[in-house]
>>> print(open('structure18.cif').read())   # mmCIF, C-alpha atoms and all ligand atoms
data_query
loop_
_atom_site.group_PDB
_atom_site.id
_atom_site.type_symbol
_atom_site.label_atom_id
_atom_site.label_comp_id
_atom_site.auth_asym_id
_atom_site.auth_seq_id
_atom_site.Cartn_x
_atom_site.Cartn_y
_atom_site.Cartn_z
ATOM 1 C CA MET B 27 103.333 -32.136 -47.465
ATOM 2 C CA SER B 28 99.751 -32.614 -48.682
ATOM 3 C CA LYS B 29 97.668 -29.500 -49.230
ATOM 4 C CA ARG B 30 96.035 -27.963 -46.199
ATOM 5 C CA ILE B 31 92.247 -28.211 -46.334
ATOM 6 C CA ALA B 32 90.317 -24.931 -46.120
ATOM 7 C CA ILE B 33 86.591 -24.314 -45.792
ATOM 8 C CA VAL B 34 85.193 -20.946 -46.863
ATOM 9 C CA THR B 35 81.576 -20.313 -45.864
ATOM 10 C CA GLY B 36 79.717 -17.905 -48.097
ATOM 11 C CA GLY B 37 82.302 -19.272 -50.515
ATOM 12 C CA ILE B 38 80.507 -18.281 -53.707
ATOM 13 C CA GLY B 39 79.637 -14.778 -52.476
ATOM 14 C CA GLY B 40 81.275 -11.453 -53.299
ATOM 15 C CA LEU B 41 84.118 -11.760 -50.805
ATOM 16 C CA GLY B 42 84.064 -15.569 -50.515
ATOM 17 C CA THR B 43 84.831 -16.122 -54.204
ATOM 18 C CA GLU B 44 87.992 -14.016 -54.047
ATOM 19 C CA ILE B 45 89.008 -15.655 -50.787
ATOM 20 C CA CYS B 46 88.726 -19.092 -52.445
ATOM 21 C CA LYS B 47 90.967 -17.931 -55.301
ATOM 22 C CA TYR B 48 93.619 -16.525 -52.974
ATOM 23 C CA LEU B 49 93.706 -19.641 -50.797
ATOM 24 C CA ALA B 50 93.906 -21.889 -53.881
ATOM 25 C CA ARG B 51 96.806 -19.812 -55.252
ATOM 26 C CA SER B 52 98.523 -20.283 -51.892
ATOM 27 C CA GLY B 53 98.340 -24.054 -52.353
ATOM 28 C CA ARG B 54 95.267 -24.848 -50.257
ATOM 29 C CA PHE B 55 92.551 -27.345 -51.159
ATOM 30 C CA VAL B 56 89.430 -25.211 -50.774
ATOM 31 C CA VAL B 57 85.874 -26.285 -50.080
ATOM 32 C CA ALA B 58 83.525 -23.375 -50.835
ATOM 33 C CA VAL B 59 80.251 -23.843 -48.995
ATOM 34 C CA ASP B 60 77.090 -21.873 -49.619
ATOM 35 C CA LEU B 61 73.340 -22.261 -49.979
ATOM 36 C CA ALA B 62 72.332 -24.909 -52.512
ATOM 37 C CA SER B 63 69.465 -22.662 -53.607
ATOM 38 C CA ARG B 64 71.875 -20.260 -55.330
ATOM 39 C CA THR B 65 71.977 -22.546 -58.384
ATOM 40 C CA GLU B 66 72.764 -19.889 -60.995
ATOM 41 C CA ARG B 67 75.570 -18.478 -58.917
ATOM 42 C CA VAL B 68 76.988 -21.980 -58.304
ATOM 43 C CA GLU B 69 77.324 -22.427 -62.080
ATOM 44 C CA GLN B 70 79.017 -19.016 -62.483
ATOM 45 C CA PHE B 71 81.335 -19.852 -59.617
ATOM 46 C CA ARG B 72 82.375 -23.131 -61.260
ATOM 47 C CA THR B 73 83.187 -21.225 -64.451
ATOM 48 C CA GLU B 74 85.170 -18.580 -62.558
ATOM 49 C CA MET B 75 87.109 -21.314 -60.765
ATOM 50 C CA ALA B 76 87.979 -23.241 -63.938
ATOM 51 C CA GLU B 77 91.694 -22.591 -63.502
ATOM 52 C CA PHE B 78 91.476 -23.974 -59.939
ATOM 53 C CA ALA B 79 89.396 -27.026 -60.852
ATOM 54 C CA ASP B 80 91.775 -29.359 -58.980
ATOM 55 C CA SER B 81 91.832 -27.303 -55.812
ATOM 56 C CA VAL B 82 88.398 -25.675 -55.325
ATOM 57 C CA VAL B 83 85.163 -27.612 -54.893
ATOM 58 C CA PHE B 84 81.647 -26.485 -53.988
ATOM 59 C CA GLU B 85 79.502 -28.098 -51.286
ATOM 60 C CA PRO B 86 75.966 -27.000 -50.417
ATOM 61 C CA LEU B 87 75.451 -25.965 -46.795
ATOM 62 C CA ASN B 88 73.259 -23.752 -44.672
ATOM 63 C CA VAL B 89 75.596 -22.568 -41.894
ATOM 64 C CA ALA B 90 72.578 -21.876 -39.677
ATOM 65 C CA ASP B 91 71.991 -25.651 -39.443
ATOM 66 C CA PHE B 92 74.208 -27.088 -36.691
ATOM 67 C CA GLN B 93 73.715 -30.728 -37.687
ATOM 68 C CA ALA B 94 74.341 -30.026 -41.373
ATOM 69 C CA CYS B 95 77.636 -28.331 -40.440
ATOM 70 C CA ALA B 96 78.641 -31.403 -38.429
ATOM 71 C CA GLU B 97 77.857 -33.716 -41.336
ATOM 72 C CA LEU B 98 79.703 -31.565 -43.855
ATOM 73 C CA VAL B 99 82.871 -31.329 -41.755
ATOM 74 C CA GLU B 100 82.753 -35.083 -41.169
ATOM 75 C CA ARG B 101 82.398 -35.757 -44.915
ATOM 76 C CA ILE B 102 85.211 -33.362 -45.891
ATOM 77 C CA THR B 103 87.486 -34.934 -43.287
ATOM 78 C CA ARG B 104 86.725 -38.432 -44.594
ATOM 79 C CA GLN B 105 87.207 -37.498 -48.261
ATOM 80 C CA HIS B 106 90.088 -35.011 -48.080
ATOM 81 C CA GLY B 107 91.577 -34.954 -44.575
ATOM 82 C CA PRO B 108 91.271 -32.785 -41.469
ATOM 83 C CA VAL B 109 90.311 -29.141 -41.894
ATOM 84 C CA SER B 110 93.180 -26.728 -41.149
ATOM 85 C CA ILE B 111 91.704 -23.414 -42.266
ATOM 86 C CA LEU B 112 88.192 -22.079 -41.723
ATOM 87 C CA VAL B 113 87.042 -18.755 -43.125
ATOM 88 C CA ASN B 114 83.597 -17.706 -41.921
ATOM 89 C CA ALA B 115 82.422 -15.357 -44.671
ATOM 90 C CA ALA B 116 78.723 -16.298 -44.805
ATOM 91 C CA GLY B 117 76.645 -13.230 -44.103
ATOM 92 C CA ILE B 118 73.290 -11.682 -44.908
ATOM 93 C CA THR B 119 71.636 -8.311 -44.370
ATOM 94 C CA ARG B 120 68.043 -7.514 -43.503
ATOM 95 C CA ASP B 121 68.444 -3.748 -43.206
ATOM 96 C CA THR B 122 65.678 -1.731 -41.617
ATOM 97 C CA SER B 123 65.396 0.626 -38.679
ATOM 98 C CA LEU B 124 64.699 -1.036 -35.342
ATOM 99 C CA ARG B 125 61.236 0.452 -35.084
ATOM 100 C CA LYS B 126 60.237 -1.545 -38.192
ATOM 101 C CA MET B 127 62.332 -4.657 -37.628
ATOM 102 C CA ALA B 128 60.388 -7.913 -37.463
ATOM 103 C CA PRO B 129 61.684 -10.643 -35.133
ATOM 104 C CA GLU B 130 62.502 -12.770 -38.227
ATOM 105 C CA GLN B 131 64.793 -10.026 -39.557
ATOM 106 C CA TRP B 132 66.667 -10.037 -36.273
ATOM 107 C CA ILE B 133 66.791 -13.824 -35.957
ATOM 108 C CA ASP B 134 67.784 -14.559 -39.581
ATOM 109 C CA VAL B 135 70.793 -12.254 -39.405
ATOM 110 C CA LEU B 136 71.926 -13.520 -36.008
ATOM 111 C CA LYS B 137 71.481 -17.150 -37.078
ATOM 112 C CA VAL B 138 73.574 -16.888 -40.232
ATOM 113 C CA ASN B 139 76.136 -14.240 -39.313
ATOM 114 C CA LEU B 140 76.850 -15.202 -35.706
ATOM 115 C CA GLU B 141 75.425 -18.625 -34.929
ATOM 116 C CA GLY B 142 76.894 -19.859 -38.235
ATOM 117 C CA VAL B 143 80.338 -19.027 -36.860
ATOM 118 C CA PHE B 144 79.658 -21.092 -33.735
ATOM 119 C CA ASN B 145 78.225 -23.963 -35.814
ATOM 120 C CA MET B 146 81.315 -24.195 -38.015
ATOM 121 C CA CYS B 147 84.002 -23.540 -35.395
ATOM 122 C CA ARG B 148 82.449 -26.068 -33.043
ATOM 123 C CA HIS B 149 83.006 -28.838 -35.587
ATOM 124 C CA VAL B 150 86.535 -28.006 -36.755
ATOM 125 C CA VAL B 151 88.237 -26.915 -33.579
ATOM 126 C CA ASP B 152 89.018 -30.380 -32.183
ATOM 127 C CA ALA B 153 90.697 -31.491 -35.403
ATOM 128 C CA MET B 154 92.733 -28.290 -35.477
ATOM 129 C CA THR B 155 93.976 -28.625 -31.912
ATOM 130 C CA ALA B 156 94.719 -32.323 -32.517
ATOM 131 C CA GLN B 157 96.839 -31.368 -35.571
ATOM 132 C CA GLY B 158 98.532 -28.606 -33.575
ATOM 133 C CA PHE B 159 97.667 -26.252 -36.414
ATOM 134 C CA GLY B 160 94.637 -24.214 -37.367
ATOM 135 C CA ARG B 161 93.671 -20.863 -38.820
ATOM 136 C CA ILE B 162 90.203 -19.424 -38.270
ATOM 137 C CA VAL B 163 89.343 -16.110 -39.909
ATOM 138 C CA ASN B 164 85.972 -14.522 -39.214
ATOM 139 C CA ILE B 165 84.741 -11.926 -41.699
ATOM 140 C CA SER B 166 83.205 -9.251 -39.491
ATOM 141 C CA SER B 167 82.449 -5.696 -40.684
ATOM 142 C CA VAL B 168 83.273 -2.070 -40.073
ATOM 143 C CA ASN B 169 79.588 -1.759 -39.185
ATOM 144 C CA GLY B 170 80.200 -4.035 -36.198
ATOM 145 C CA GLN B 171 82.699 -1.429 -34.996
ATOM 146 C CA THR B 172 80.757 1.754 -35.728
ATOM 147 C CA GLY B 173 77.106 0.697 -35.967
ATOM 148 C CA GLN B 174 75.089 1.637 -39.048
ATOM 149 C CA PHE B 175 71.620 3.120 -39.445
ATOM 150 C CA GLY B 176 69.236 0.271 -40.263
ATOM 151 C CA GLN B 177 71.604 -2.454 -39.068
ATOM 152 C CA THR B 178 70.956 -3.154 -35.386
ATOM 153 C CA ASN B 179 70.793 -6.854 -36.310
ATOM 154 C CA TYR B 180 73.875 -6.914 -38.553
ATOM 155 C CA SER B 181 75.998 -4.632 -36.337
ATOM 156 C CA ALA B 182 75.162 -6.752 -33.272
ATOM 157 C CA ALA B 183 76.097 -9.963 -35.092
ATOM 158 C CA LYS B 184 79.321 -8.528 -36.502
ATOM 159 C CA ALA B 185 80.422 -7.065 -33.148
ATOM 160 C CA GLY B 186 79.520 -10.426 -31.575
ATOM 161 C CA MET B 187 81.762 -12.205 -34.058
ATOM 162 C CA HIS B 188 84.760 -10.356 -32.767
ATOM 163 C CA GLY B 189 83.923 -11.143 -29.134
ATOM 164 C CA PHE B 190 83.709 -14.787 -30.181
ATOM 165 C CA THR B 191 87.038 -14.435 -32.015
ATOM 166 C CA MET B 192 88.871 -13.134 -28.953
ATOM 167 C CA ALA B 193 87.384 -15.741 -26.606
ATOM 168 C CA LEU B 194 88.138 -18.705 -28.864
ATOM 169 C CA ALA B 195 91.611 -17.326 -29.624
ATOM 170 C CA ARG B 196 92.424 -17.638 -25.914
ATOM 171 C CA GLU B 197 91.067 -21.180 -25.705
ATOM 172 C CA VAL B 198 93.200 -22.553 -28.539
ATOM 173 C CA ALA B 199 96.293 -20.324 -28.468
ATOM 174 C CA ARG B 200 98.535 -22.996 -26.948
ATOM 175 C CA LYS B 201 97.568 -25.534 -29.606
ATOM 176 C CA GLY B 202 98.872 -23.812 -32.729
ATOM 177 C CA VAL B 203 95.453 -22.479 -33.679
ATOM 178 C CA THR B 204 94.900 -18.780 -34.368
ATOM 179 C CA VAL B 205 91.537 -17.045 -34.504
ATOM 180 C CA ASN B 206 91.234 -13.574 -36.016
ATOM 181 C CA SER B 207 88.657 -11.251 -37.524
ATOM 182 C CA VAL B 208 88.862 -9.158 -40.643
ATOM 183 C CA SER B 209 86.507 -6.180 -40.703
ATOM 184 C CA PRO B 210 85.862 -5.085 -44.274
ATOM 185 C CA GLY B 211 84.442 -1.711 -45.047
ATOM 186 C CA TYR B 212 82.182 -1.079 -48.042
ATOM 187 C CA CYS B 213 83.365 -3.208 -50.980
ATOM 188 C CA LYS B 214 82.158 -3.864 -54.516
ATOM 189 C CA THR B 215 79.854 -6.777 -53.690
ATOM 190 C CA ALA B 216 76.206 -7.458 -54.443
ATOM 191 C CA MET B 217 75.424 -6.805 -50.760
ATOM 192 C CA VAL B 218 76.789 -3.279 -50.911
ATOM 193 C CA MET B 219 75.416 -2.604 -54.393
ATOM 194 C CA ALA B 220 71.944 -3.388 -52.943
ATOM 195 C CA VAL B 221 72.175 -0.286 -50.725
ATOM 196 C CA PRO B 222 70.136 2.483 -52.393
ATOM 197 C CA GLU B 223 72.415 4.453 -54.717
ATOM 198 C CA ASP B 224 71.984 7.835 -53.027
ATOM 199 C CA ILE B 225 72.830 6.373 -49.601
ATOM 200 C CA ARG B 226 75.761 4.439 -51.065
ATOM 201 C CA ASN B 227 77.152 7.568 -52.691
ATOM 202 C CA GLN B 228 77.009 9.389 -49.351
ATOM 203 C CA ILE B 229 78.896 6.512 -47.733
ATOM 204 C CA VAL B 230 81.582 6.504 -50.460
ATOM 205 C CA ALA B 231 82.001 10.264 -49.966
ATOM 206 C CA ASP B 232 82.963 9.503 -46.345
ATOM 207 C CA ILE B 233 85.614 6.911 -47.260
ATOM 208 C CA PRO B 234 89.019 8.621 -47.117
ATOM 209 C CA VAL B 235 90.430 6.669 -50.084
ATOM 210 C CA GLY B 236 87.382 7.818 -52.053
ATOM 211 C CA ARG B 237 86.149 4.505 -53.432
ATOM 212 C CA LEU B 238 84.633 1.151 -52.549
ATOM 213 C CA GLY B 239 87.023 -1.666 -51.686
ATOM 214 C CA GLU B 240 87.749 -4.488 -54.113
ATOM 215 C CA PRO B 241 86.984 -8.026 -52.864
ATOM 216 C CA HIS B 242 90.575 -9.088 -53.579
ATOM 217 C CA GLU B 243 91.755 -6.440 -51.092
ATOM 218 C CA ILE B 244 89.928 -8.387 -48.375
ATOM 219 C CA ALA B 245 91.007 -11.793 -49.695
ATOM 220 C CA ARG B 246 94.670 -10.806 -49.522
ATOM 221 C CA VAL B 247 94.378 -10.166 -45.773
ATOM 222 C CA VAL B 248 92.522 -13.439 -45.179
ATOM 223 C CA ASP B 249 95.240 -15.287 -47.076
ATOM 224 C CA PHE B 250 97.899 -13.529 -44.975
ATOM 225 C CA LEU B 251 96.208 -14.523 -41.695
ATOM 226 C CA SER B 252 95.813 -18.131 -42.923
ATOM 227 C CA ALA B 253 99.486 -18.583 -43.690
ATOM 228 C CA ASP B 254 101.586 -21.104 -41.796
ATOM 229 C CA ASP B 255 103.920 -18.340 -40.604
ATOM 230 C CA ALA B 256 101.119 -16.097 -39.243
ATOM 231 C CA GLY B 257 101.080 -17.977 -35.942
ATOM 232 C CA PHE B 258 101.821 -15.004 -33.681
ATOM 233 C CA ILE B 259 98.735 -13.043 -34.750
ATOM 234 C CA THR B 260 95.702 -14.139 -32.774
ATOM 235 C CA GLY B 261 92.601 -12.533 -31.304
ATOM 236 C CA ALA B 262 93.214 -9.589 -33.626
ATOM 237 C CA ASN B 263 90.807 -7.643 -35.771
ATOM 238 C CA ILE B 264 92.235 -6.338 -39.025
ATOM 239 C CA PRO B 265 90.260 -3.405 -40.461
ATOM 240 C CA VAL B 266 90.263 -3.141 -44.276
ATOM 241 C CA ASN B 267 87.988 -0.182 -44.864
ATOM 242 C CA GLY B 268 89.772 2.531 -46.863
ATOM 243 C CA GLY B 269 90.040 4.627 -43.702
ATOM 244 C CA TYR B 270 86.251 4.764 -43.159
ATOM 245 C CA PHE B 271 86.800 3.974 -39.484
ATOM 246 C CA MET B 272 90.185 4.646 -37.914
ATOM 247 C CA ASN B 273 90.942 3.761 -34.345
ATOM 248 C CA TYR B 274 93.881 2.864 -32.210
HETATM 249 N N1 LIG I 1 71.228 8.513 -40.915
HETATM 250 C C1 LIG I 1 70.234 9.289 -40.413
HETATM 251 N N2 LIG I 1 68.963 9.237 -40.827
HETATM 252 C C2 LIG I 1 68.676 8.355 -41.790
HETATM 253 C C3 LIG I 1 69.634 7.519 -42.351
HETATM 254 C C4 LIG I 1 70.958 7.633 -41.875
HETATM 255 N N3 LIG I 1 71.953 6.902 -42.369
HETATM 256 N N4 LIG I 1 69.040 6.731 -43.286
HETATM 257 C C5 LIG I 1 67.731 7.090 -43.277
HETATM 258 N N5 LIG I 1 67.523 8.080 -42.398
HETATM 259 C C6 LIG I 1 66.272 8.755 -42.105
HETATM 260 C C7 LIG I 1 65.455 8.956 -43.355
HETATM 261 O O1 LIG I 1 65.764 10.159 -43.961
HETATM 262 C C8 LIG I 1 64.040 8.930 -42.815
HETATM 263 O O2 LIG I 1 63.769 10.158 -42.196
HETATM 264 P P1 LIG I 1 62.224 10.671 -42.048
HETATM 265 O O3 LIG I 1 61.510 9.643 -41.226
HETATM 266 O O4 LIG I 1 62.382 11.991 -41.383
HETATM 267 O O5 LIG I 1 61.705 10.739 -43.456
HETATM 268 C C9 LIG I 1 64.158 7.895 -41.761
HETATM 269 O O6 LIG I 1 65.501 7.924 -41.275
HETATM 270 C C10 LIG I 1 63.920 6.547 -42.358
HETATM 271 O O7 LIG I 1 63.679 5.783 -41.322
HETATM 272 P P2 LIG I 1 62.972 4.447 -41.557
HETATM 273 O O8 LIG I 1 62.574 3.890 -40.245
HETATM 274 O O9 LIG I 1 61.882 4.602 -42.572
HETATM 275 O O10 LIG I 1 64.172 3.628 -42.176
HETATM 276 P P3 LIG I 1 64.021 2.343 -43.041
HETATM 277 O O11 LIG I 1 63.493 1.233 -42.231
HETATM 278 O O12 LIG I 1 63.370 2.667 -44.344
HETATM 279 O O13 LIG I 1 65.536 2.027 -43.316
HETATM 280 C C11 LIG I 1 67.460 1.932 -44.627
HETATM 281 C C12 LIG I 1 66.309 2.819 -44.115
HETATM 282 C C13 LIG I 1 66.932 0.895 -45.607
HETATM 283 C C14 LIG I 1 68.147 1.213 -43.504
HETATM 284 C C15 LIG I 1 68.409 2.867 -45.309
HETATM 285 O O14 LIG I 1 68.792 3.882 -44.413
HETATM 286 C C16 LIG I 1 69.668 2.175 -45.770
HETATM 287 O O15 LIG I 1 69.669 1.388 -46.718
HETATM 288 N N6 LIG I 1 70.774 2.484 -45.123
HETATM 289 C C17 LIG I 1 72.073 1.899 -45.464
HETATM 290 C C18 LIG I 1 72.287 0.699 -44.632
HETATM 291 C C19 LIG I 1 73.649 0.166 -44.928
HETATM 292 O O16 LIG I 1 74.647 0.876 -45.062
HETATM 293 N N7 LIG I 1 73.743 -1.148 -45.050
HETATM 294 C C20 LIG I 1 75.009 -1.768 -45.358
HETATM 295 C C21 LIG I 1 74.736 -2.949 -46.248
HETATM 296 S S1 LIG I 1 76.252 -3.580 -46.908
HETATM 297 C C22 LIG I 1 76.999 -4.303 -45.606
HETATM 298 O O17 LIG I 1 76.456 -4.442 -44.548
HETATM 299 C C23 LIG I 1 78.390 -4.790 -45.850
HETATM 300 C C24 LIG I 1 79.315 -4.305 -44.813
HETATM 301 O O18 LIG I 1 79.647 -5.055 -43.917
HETATM 302 C C25 LIG I 1 79.858 -2.945 -44.925
#
>>> encode(input="structure18.cif", output="structure tokens")
Amino acid sequence: MSKRIAIVTGGIGGLGTEICKYLARSGRFVVAVDLASRTERVEQFRTEMAEFADSVVFEPLNVADFQACAELVERITRQHGPVSILVNAAGITRDTSLRKMAPEQWIDVLKVNLEGVFNMCRHVVDAMTAQGFGRIVNISSVNGQTGQFGQTNYSAAKAGMHGFTMALAREVARKGVTVNSVSPGYCKTAMVMAVPEDIRNQIVADIPVGRLGEPHEIARVVDFLSADDAGFITGANIPVNGGYFMNY
């Protein structure tokens, strides 16, 4: 069987990079998409992916642009085949308390973190249902479950992602397509390292395992949910947060 085609948005980011590696090791052909403007990071990513040169490629994309998403999916399908796996890992923060939040800080986060999920899913879902196989994994956040000071925008988008996940999971369940969320806690990524050190240290002190997560600990779960034999897990949210938020 030819390799299944996977798209990872935010593919050169802290979590996205590890997700690309895991999917490539599992025999997927991976298209990492991310902003073209991150030129330095694109070069680093290519170096890091040297051992997967045959199975990981980079394509520039702004997930907030509906038409650009359509064109990218069409091009990937033409060049490589229909997309079977979509991991929505593109995400940004614009942290500030609500009383100071500018409309742009609200809109930017919602456009990338939530609308980006719509933009990508909208263009892959028909091909997945036609194949009778698809795996969509949305990277949400523990802060979508608990809320976080300074993150009304981000927490709303991340909670919204899981609502989207459950609704789409119902729509495509009979067609071999699963849709799940993974909710990472605080991990060793540039996004988390940008939180002021004193605040970050307080957060780490509240994590039962006593440390930040490693990006590969998220990637492993994404890989698991993307597997061919993970077809009975759908509409689920898998928390990977070191015990920072436990619920039943
Ligand atoms: N809880 C309670 N009070 C807090 C607080 C908190 N967590 N953080 C700040 N405050 C207090 C301050 O002490 C200050 O009090 P005073 O007014 O009495 O001095 C006041 O609230 C500050 O309020 P501001 O309106 O000035 O807040 P701000 O706009 O400067 O924002 C912040 C502060 C930048 C949001 C800062 O609190 C912060 O960085 N918090 C961490 C946010 C965070 O965890 N982001 C996660 C990013 S990583 C990620 O998102 C990945 C993932 O999925 C996990």
>>> resolve_selection(input="structure18.cif", expression="the PyMOL selection byres (((chain B and resi 30) around 8) and not hetatm)", output="MDAnalysis selection string")
chainID B and resid 28:29 31:32 53:55 109:111
>>> closest_atom_pairs(input="structure18.cif", of="chain B", to="ligand LIG 1 (chain I)", cutoff="8 Å", atoms="only C-alpha atoms and all ligand atoms", output="Markdown table")
| residue | atom | partner | partner_atom | distance |
| --- | --- | --- | --- | --- |
| B:Ile118 | CA | I:LIG1 | O17 | 7.9 |
| B:Thr119 | CA | I:LIG1 | O17 | 6.2 |
| B:Asp121 | CA | I:LIG1 | C14 | 5.0 |
| B:Thr122 | CA | I:LIG1 | O11 | 3.7 |
| B:Ser123 | CA | I:LIG1 | O11 | 4.1 |
| B:Leu124 | CA | I:LIG1 | O8 | 7.3 |
| B:Arg125 | CA | I:LIG1 | O8 | 6.3 |
| B:Lys126 | CA | I:LIG1 | O11 | 5.9 |
| B:Met127 | CA | I:LIG1 | O11 | 7.6 |
| B:Ser166 | CA | I:LIG1 | O18 | 7.1 |
| B:Ser167 | CA | I:LIG1 | O18 | 4.3 |
| B:Val168 | CA | I:LIG1 | C25 | 6.0 |
| B:Asn169 | CA | I:LIG1 | O18 | 5.8 |
| B:Gly170 | CA | I:LIG1 | O18 | 7.8 |
| B:Gln174 | CA | I:LIG1 | O16 | 6.1 |
| B:Phe175 | CA | I:LIG1 | N3 | 4.8 |
| B:Gly176 | CA | I:LIG1 | C14 | 3.5 |
| B:Gln177 | CA | I:LIG1 | C18 | 6.4 |
| B:Tyr180 | CA | I:LIG1 | O17 | 7.0 |
| B:Ser209 | CA | I:LIG1 | O18 | 7.7 |
| B:Pro210 | CA | I:LIG1 | O18 | 6.2 |
| B:Gly211 | CA | I:LIG1 | C25 | 4.7 |
| B:Tyr212 | CA | I:LIG1 | C25 | 4.3 |
| B:Cys213 | CA | I:LIG1 | C25 | 7.0 |
| B:Met217 | CA | I:LIG1 | S1 | 5.1 |
| B:Val218 | CA | I:LIG1 | S1 | 4.1 |
| B:Met219 | CA | I:LIG1 | S1 | 7.6 |
| B:Ala220 | CA | I:LIG1 | C21 | 7.3 |
| B:Val221 | CA | I:LIG1 | O15 | 5.0 |
| B:Pro222 | CA | I:LIG1 | O15 | 5.8 |
| B:Ile225 | CA | I:LIG1 | C17 | 6.1 |
| B:Arg226 | CA | I:LIG1 | O16 | 7.1 |
| B:Ile229 | CA | I:LIG1 | O16 | 7.5 |
>>> atom_distance(input="structure18.cif", atom1="atom CA of Ala199 of chain B", atom2="atom CA of Ile33 of chain B")
20.3 Å
>>> residues_near_point(input="structure18.cif", point="(84.8, -13.2, -37.5)", cutoff="9 Å", atoms="all atoms listed in the file", output="list of chain:residue names")
B:Val113, B:Asn114, B:Ala115, B:Asn139, B:Leu140, B:Val143, B:Ile162, B:Val163, B:Asn164, B:Ile165, B:Ser166, B:Ser167, B:Lys184, B:Ala185, B:Gly186, B:Met187, B:His188, B:Gly189, B:Phe190, B:Thr191, B:Val205, B:Asn206, B:Ser207, B:Val208, B:Ser209, B:Asn263
>>> atom_distance(input="structure18.cif", atom1="atom CA of Asn145 of chain B", atom2="atom CA of Ala94 of chain B")
9.1 Å
>>> resolve_selection(input="structure18.cif", expression="the PyMOL selection byres (((chain B and resi 90) around 8) and not hetatm)", output="VMD selection string")
chain B and resid 88 to 89 91 to 92 137 to 138 141 to 142 145
>>> axis_aligned_box(input="structure18.cif", around="segment 169-173 of chain B", padding_each_side="8 Å", output="lines of an AutoDock Vina configuration file")
center_x = 79.9
center_y = -1.1
center_z = -37.1
size_x = 21.6
size_y = 21.8
size_z = 20.2
>>> residues_around(input="structure18.cif", residues="Leu251 of chain B", least_positions_apart="3", cutoff="8 Å", atoms="only C-alpha atoms", output="list in words")
Arg161, Val163, Asn206, Val247, Val248, Ala256 and Ile259 of chain B
>>> write_last_selection(input="structure18.cif", atoms="C-alpha atoms", output="mmCIF file, in the frame of the given file")
data_model
loop_
_atom_site.group_PDB
_atom_site.id
_atom_site.type_symbol
_atom_site.label_atom_id
_atom_site.label_comp_id
_atom_site.auth_asym_id
_atom_site.auth_seq_id
_atom_site.Cartn_x
_atom_site.Cartn_y
_atom_site.Cartn_z
ATOM 1 C CA ARG B 161 93.671 -20.863 -38.820
ATOM 2 C CA VAL B 163 89.343 -16.110 -39.909
ATOM 3 C CA ASN B 206 91.234 -13.574 -36.016
ATOM 4 C CA VAL B 247 94.378 -10.166 -45.773
ATOM 5 C CA VAL B 248 92.522 -13.439 -45.179
ATOM 6 C CA ALA B 256 101.119 -16.097 -39.243
ATOM 7 C CA ILE B 259 98.735 -13.043 -34.750
#
>>> closest_residue(input="structure18.cif", among="B:Thr215, B:Asn227, B:Thr260, B:Asn273", to="Ala193 of chain B", atoms="all atoms listed in the file")
B:Thr260
>>> atom_distance(input="structure18.cif", atom1="atom CA of Lys201 of chain B", atom2="atom CA of Leu87 of chain B")
28.0 Å
>>> residues_near_point(input="structure18.cif", point="(79.0, -22.2, -59.0)", cutoff="12 Å", atoms="only C-alpha atoms", output="ChimeraX atom specification")
/B:36-39,42-43,57-76,79,82-86
>>> closest_residue(input="structure18.cif", among="B:Leu49, B:Met154, B:Leu136, B:Leu41", to="Asp249 of chain B", atoms="only C-alpha atoms")
B:Leu49
>>> residues_around(input="structure18.cif", residues="Pro234 of chain B", least_positions_apart="4", cutoff="10 Å", atoms="all atoms listed in the file", output="PyMOL selection string")
chain B and resi 230+267-271
>>> closest_residue(input="structure18.cif", among="B:Gly40, B:Pro108, B:Gly160, B:Gly117", to="Asp254 of chain B", atoms="all atoms listed in the file")
B:Gly160
>>> resolve_selection(input="structure18.cif", expression="the PyMOL selection byres (((chain B and resi 240) around 6) and not hetatm)", output="VMD selection string")
chain B and resid 213 to 214 239 241 to 243
>>> closest_residue(input="structure18.cif", among="B:Asn179, B:Ser81, B:Thr35, B:Ser52", to="Glu130 of chain B", atoms="only C-alpha atoms")
B:Asn179
>>> decode(input="structure18.cif", residues="segment 150-167 of chain B", atoms="C-alpha atoms", output="PDB file, in the first residue's frame")
ATOM      1  CA  VAL B 150      -9.910  17.441   3.397  1.00  0.00           C
ATOM      2  CA  VAL B 151     -13.096  15.941   4.726  1.00  0.00           C
ATOM      3  CA  ASP B 152     -14.665  14.985   1.380  1.00  0.00           C
ATOM      4  CA  ALA B 153     -11.558  13.112   0.260  1.00  0.00           C
ATOM      5  CA  MET B 154     -11.423  11.292   3.587  1.00  0.00           C
ATOM      6  CA  THR B 155     -15.041  10.170   3.479  1.00  0.00           C
ATOM      7  CA  ALA B 156     -14.620   9.159  -0.181  1.00  0.00           C
ATOM      8  CA  GLN B 157     -11.607   6.990   0.795  1.00  0.00           C
ATOM      9  CA  GLY B 158     -13.545   5.563   3.743  1.00  0.00           C
ATOM     10  CA  PHE B 159     -10.580   6.472   5.918  1.00  0.00           C
ATOM     11  CA  GLY B 160      -9.432   9.592   7.705  1.00  0.00           C
ATOM     12  CA  ARG B 161      -7.804  10.722  10.922  1.00  0.00           C
ATOM     13  CA  ILE B 162      -8.167  14.296  12.142  1.00  0.00           C
ATOM     14  CA  VAL B 163      -6.360  15.311  15.322  1.00  0.00           C
ATOM     15  CA  ASN B 164      -6.864  18.805  16.702  1.00  0.00           C
ATOM     16  CA  ILE B 165      -4.229  20.108  19.107  1.00  0.00           C
ATOM     17  CA  SER B 166      -6.264  21.904  21.758  1.00  0.00           C
ATOM     18  CA  SER B 167      -4.896  22.848  25.202  1.00  0.00           C
TER      19      SER B 167
END
